[in-house]
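J.: For reference, the structure I am asking about is given below.
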2 protein chains.
Amino acid sequence: MIQYPTKKKTSDQKGISTRNRGMSLEHDLNLTNEYYRIHELANVHKKPTPIQVVAVSYPSRNQAKIVEAYYKTPSTTDYNGVTQGVYFDFEAKEVTDQQRFSLQRIHQHQIDHLRDIVKHKGCAFLIIRFVKHDVTFYVPFEKFDQEMKSTQRRSIPLTWFQSECAIIQHGFAPPLHYLPHVHQWIKETYEK
Amino acid sequence: MIQYPTKKKTSDQKGISTRNRGMSLEHDLNLTNEYYRIHELANVHKKPTPIQVVAVSYPSRNQAKIVEAYYKTPSTTDYNGVTQGVYFDFEAKEVTDQQRFSLQRIHQHQIDHLRDIVKHKGCAFLIIRFVKHDVTFYVPFEKFDQEMKSTQRRSIPLTWFQSECAIIQHGFAPPLHYLPHVHQWIKETYEK
């Protein structure tokens, strides 16, 4: 998830808190993915933030220094990878609101991307953490998409996640062991 | 001294020619992947180049302008995607040498990455174009890796590609239809 630092003045306060908020889930996921790589459970990477480079200077022969560039809106999700040959793809979001997940938090082209992954029989999901409750959900995208389409609201309440989604256990190593849910999905999808 | 303009010229030429070389295969692949998305054959994306952002300025309230950043060495390949539920992952290289592909062209961590994909039963390959012959090979990574391990040389000759690898047909839409080779791999790997 990319929190673009936009407004400078507000951003000093807001920016920092947003970054911290974003960091802990991202940090947990980075450690978890590293753990998966080392233990040969999955290969999954966070995609780099797309940046439009406008100007580059060469302060020395071997160094390219980018001196003008802008953040681009990502057209895909942040993470994708492979386990048991199967492609999986997810977006991770932290929520500070205690009661609901605002649908504005997900870009339309990320939704389109995840729908496309489902079409190609990949495993698409969201990892959503309600920070104030310190609870993290594994949200199958098919379910989430159905709920999005059927609801009239612009948000999905915490209660929906509690009744429809599995909780990812927080731990030490790995900090956020989401992979069993992916394996469960693979089992249900491919071994029927 | 009159050496300065000479120096400048070389670097300008060098920069441009390298960029052009890289462009045409990349351009073909971008169009091909776009075609695959539109026609719902696969979902595959080129990963953004990883960039380390050092300093950002805010010329206006809504705009973040990156004013100091550096290219990072990518730890993965350039492309990955999904078709028929299966994860695939590849690196694309253009070769100007007429007779051989230099192994220095591939980073060690890209090799490690592709080996890891193979371990997880994903489809890993290279797309290598010999520009002067206008021929593009689909190179299964398992085969390539075996050859790399067994050879004493620091390059792999064109003749090896000609005898061991399939040629990807150049076309109009899509310009570089590599997907049948991926489907063939899936068939051979999963339908045994």
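Numbering starts fresh at 1 for the residues of each chain in the structure tokens, the chains themselves are lettered A, B, ... in the order given, and ligands are numbered from 1 as they appear.
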Would you give me, as a list in words, the residues of chain A that come within 7 Å of chain B, using only C-alpha atoms?

T.: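 Written out as asked, the residues are Pro5, Thr6, Lys7, Lys8, Ala42, Asn43, Lys47, Pro48, Thr49, Pro50, Ala64, Lys65, Ile66, Val67, Glu68, Ala69, Tyr70, Val82, Thr83, Gln84, Gly85, Val86, Tyr87, Ile117, His120, Lys121 and Gly122 of chain A.
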
J.: Over all C-alpha pairs taken in order, what is the RMSD once chain B has been least-squares superposed onto chain A?

T.: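 Answer to one decimal place: 4.7 Å.
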
J.: Find the distance between atom CA of A:Arg115 and atom CA of A:Phe144 and write it in Å to one decimal.

T.: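 Interatomic distance, atom CA of A:Arg115 to atom CA of A:Phe144: 10.7 Å.
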
J.: For stretch 95-110 of chain A, list every protein, DNA or RNA residue within 7 Å, evaluated using only C-alpha atoms, and leave out those in the same chain fewer than 2 positions away; present the list as a list in words.

T.: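 Using only C-alpha atoms, the neighbours found are Ser75, Thr76, Thr77, Lys93, Asp112, His113, Leu114, Arg129, Phe130, Val131, Lys132, Arg154, Ser155, Ile156, Pro157 and Leu158 of chain A.
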
J.: Take the residues just selected and output them with all heavy atoms as a tab-separated table (two decimals), in the first residue's frame.

T.:
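Produced file result-v1.tsv, reproduced below:
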```tsv
chain	number	residue	atom	x	y	z
A	75	SER	N	-1.25	0.08	-10.93
A	75	SER	CA	-2.36	-0.53	-11.66
A	75	SER	C	-2.61	-1.95	-11.17
A	75	SER	O	-3.56	-2.59	-11.59
A	75	SER	CB	-2.05	-0.55	-13.15
A	75	SER	OG	-0.87	-1.29	-13.38
A	76	THR	N	-1.75	-2.43	-10.29
A	76	THR	CA	-1.95	-3.77	-9.75
A	76	THR	C	-1.93	-3.70	-8.23
A	76	THR	O	-1.86	-2.62	-7.64
A	76	THR	CB	-0.84	-4.72	-10.22
A	76	THR	OG1	0.41	-4.22	-9.74
A	76	THR	CG2	-0.78	-4.83	-11.72
A	77	THR	N	-1.98	-4.87	-7.61
A	77	THR	CA	-1.86	-4.93	-6.16
A	77	THR	C	-0.39	-4.89	-5.76
A	77	THR	O	0.49	-4.86	-6.61
A	77	THR	CB	-2.45	-6.27	-5.68
A	77	THR	OG1	-1.85	-7.30	-6.45
A	77	THR	CG2	-3.95	-6.29	-5.86
A	93	LYS	N	-4.24	-3.92	3.64
A	93	LYS	CA	-4.71	-2.61	4.11
A	93	LYS	C	-4.83	-2.57	5.62
A	93	LYS	O	-5.35	-3.52	6.22
A	93	LYS	CB	-6.10	-2.32	3.53
A	93	LYS	CG	-6.18	-2.19	2.02
A	93	LYS	CD	-5.65	-0.86	1.54
A	93	LYS	CE	-5.80	-0.73	0.03
A	93	LYS	NZ	-4.90	0.30	-0.52
A	112	ASP	N	-10.30	-4.32	-10.44
A	112	ASP	CA	-10.30	-4.95	-11.76
A	112	ASP	C	-9.19	-6.00	-11.87
A	112	ASP	O	-9.40	-7.08	-12.43
A	112	ASP	CB	-10.09	-3.89	-12.85
A	112	ASP	CG	-11.28	-2.92	-12.94
A	112	ASP	OD1	-12.37	-3.29	-12.46
A	112	ASP	OD2	-11.10	-1.82	-13.47
A	113	HIS	N	-8.05	-5.65	-11.33
A	113	HIS	CA	-6.91	-6.58	-11.37
A	113	HIS	C	-7.24	-7.87	-10.62
A	113	HIS	O	-7.02	-8.97	-11.15
A	113	HIS	CB	-5.67	-5.90	-10.76
A	113	HIS	CG	-4.48	-6.81	-10.65
A	113	HIS	ND1	-3.73	-7.19	-11.73
A	113	HIS	CD2	-3.93	-7.44	-9.58
A	113	HIS	CE1	-2.76	-7.99	-11.33
A	113	HIS	NE2	-2.85	-8.17	-10.04
A	114	LEU	N	-7.78	-7.75	-9.41
A	114	LEU	CA	-8.09	-8.95	-8.63
A	114	LEU	C	-9.19	-9.79	-9.29
A	114	LEU	O	-9.14	-11.02	-9.25
A	114	LEU	CB	-8.46	-8.56	-7.19
A	114	LEU	CG	-7.27	-8.08	-6.34
A	114	LEU	CD1	-7.74	-7.40	-5.05
A	114	LEU	CD2	-6.33	-9.23	-6.01
A	129	ARG	N	-6.26	-5.39	8.21
A	129	ARG	CA	-6.03	-5.32	9.66
A	129	ARG	C	-6.80	-4.15	10.28
A	129	ARG	O	-6.65	-3.00	9.82
A	129	ARG	CB	-4.54	-5.14	9.95
A	129	ARG	CG	-4.24	-4.92	11.45
A	129	ARG	CD	-2.77	-4.85	11.74
A	129	ARG	NE	-2.14	-6.17	11.57
A	129	ARG	CZ	-0.83	-6.39	11.70
A	129	ARG	NH1	-0.02	-5.40	12.00
A	129	ARG	NH2	-0.34	-7.60	11.52
A	130	PHE	N	-7.66	-4.45	11.25
A	130	PHE	CA	-8.29	-3.40	12.05
A	130	PHE	C	-7.34	-3.10	13.21
A	130	PHE	O	-7.26	-3.88	14.17
A	130	PHE	CB	-9.67	-3.86	12.54
A	130	PHE	CG	-10.72	-3.78	11.46
A	130	PHE	CD1	-10.85	-4.80	10.52
A	130	PHE	CD2	-11.58	-2.69	11.37
A	130	PHE	CE1	-11.81	-4.73	9.51
A	130	PHE	CE2	-12.54	-2.61	10.36
A	130	PHE	CZ	-12.65	-3.63	9.43
A	131	VAL	N	-6.63	-1.98	13.07
A	131	VAL	CA	-5.52	-1.69	13.97
A	131	VAL	C	-5.97	-1.59	15.42
A	131	VAL	O	-5.34	-2.13	16.33
A	131	VAL	CB	-4.83	-0.37	13.54
A	131	VAL	CG1	-3.73	0.00	14.51
A	131	VAL	CG2	-4.27	-0.52	12.13
A	132	LYS	N	-7.10	-0.92	15.65
A	132	LYS	CA	-7.53	-0.66	17.03
A	132	LYS	C	-7.95	-1.94	17.74
A	132	LYS	O	-7.92	-2.03	18.95
A	132	LYS	CB	-8.68	0.36	17.04
A	132	LYS	CG	-8.25	1.70	16.41
A	132	LYS	CD	-8.52	2.88	17.27
A	132	LYS	CE	-7.83	4.13	16.74
A	132	LYS	NZ	-8.70	4.99	15.91
A	154	ARG	N	-20.94	2.52	1.28
A	154	ARG	CA	-19.61	2.78	0.76
A	154	ARG	C	-18.53	2.19	1.68
A	154	ARG	O	-17.37	2.55	1.61
A	154	ARG	CB	-19.40	4.28	0.58
A	154	ARG	CG	-20.52	4.91	-0.25
A	154	ARG	CD	-20.10	6.18	-0.88
A	154	ARG	NE	-18.91	6.01	-1.71
A	154	ARG	CZ	-18.33	6.99	-2.38
A	154	ARG	NH1	-18.83	8.21	-2.30
A	154	ARG	NH2	-17.26	6.78	-3.11
A	155	SER	N	-18.99	1.32	2.55
A	155	SER	CA	-18.03	0.67	3.44
A	155	SER	C	-18.55	-0.72	3.80
A	155	SER	O	-19.73	-1.03	3.61
A	155	SER	CB	-17.82	1.51	4.70
A	155	SER	OG	-19.02	1.51	5.46
A	156	ILE	N	-17.68	-1.54	4.32
A	156	ILE	CA	-18.08	-2.86	4.80
A	156	ILE	C	-17.78	-2.92	6.30
A	156	ILE	O	-16.66	-2.62	6.72
A	156	ILE	CB	-17.32	-3.97	4.03
A	156	ILE	CG1	-17.76	-3.94	2.55
A	156	ILE	CG2	-17.58	-5.34	4.63
A	156	ILE	CD1	-17.11	-4.98	1.67
A	157	PRO	N	-18.80	-3.28	7.09
A	157	PRO	CA	-18.61	-3.23	8.55
A	157	PRO	C	-17.71	-4.34	9.07
A	157	PRO	O	-17.64	-5.42	8.48
A	157	PRO	CB	-20.04	-3.38	9.09
A	157	PRO	CG	-20.79	-4.07	8.02
A	157	PRO	CD	-20.17	-3.67	6.72
A	158	LEU	N	-17.07	-4.06	10.17
A	158	LEU	CA	-16.23	-5.04	10.86
A	158	LEU	C	-16.98	-6.34	11.10
A	158	LEU	O	-16.41	-7.44	10.95
A	158	LEU	CB	-15.77	-4.44	12.20
A	158	LEU	CG	-15.06	-5.35	13.19
A	158	LEU	CD1	-13.75	-5.88	12.62
A	158	LEU	CD2	-14.80	-4.62	14.51
```

J.: What residues in chain B get the DSSP label helix (DSSP H, G or I)? Please answer as a ChimeraX atom specification.

T.: /B:3-38,103-105,108-119,131-133,141-150,158-164,179-190

J.: When you count only C-alpha atoms, which of these residues is closest to B:Ile128: B:Phe161, B:Glu142, B:Thr151, B:Ser24?

T.: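 Closest candidate: B:Phe161.
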
J.: In chain B, what's strand (DSSP E or B) per DSSP? Answer as JSON, numbers by chain?

T.: {"B": [43, 44, 45, 46, 51, 52, 53, 54, 55, 56, 57, 58, 59, 60, 63, 64, 65, 66, 67, 68, 69, 70, 71, 79, 80, 81, 82, 83, 86, 87, 88, 89, 90, 91, 92, 93, 94, 95, 100, 101, 102, 123, 124, 125, 126, 127, 128, 129, 130, 135, 136, 137, 138, 139, 140, 155, 156, 157, 166, 167, 170, 176]}
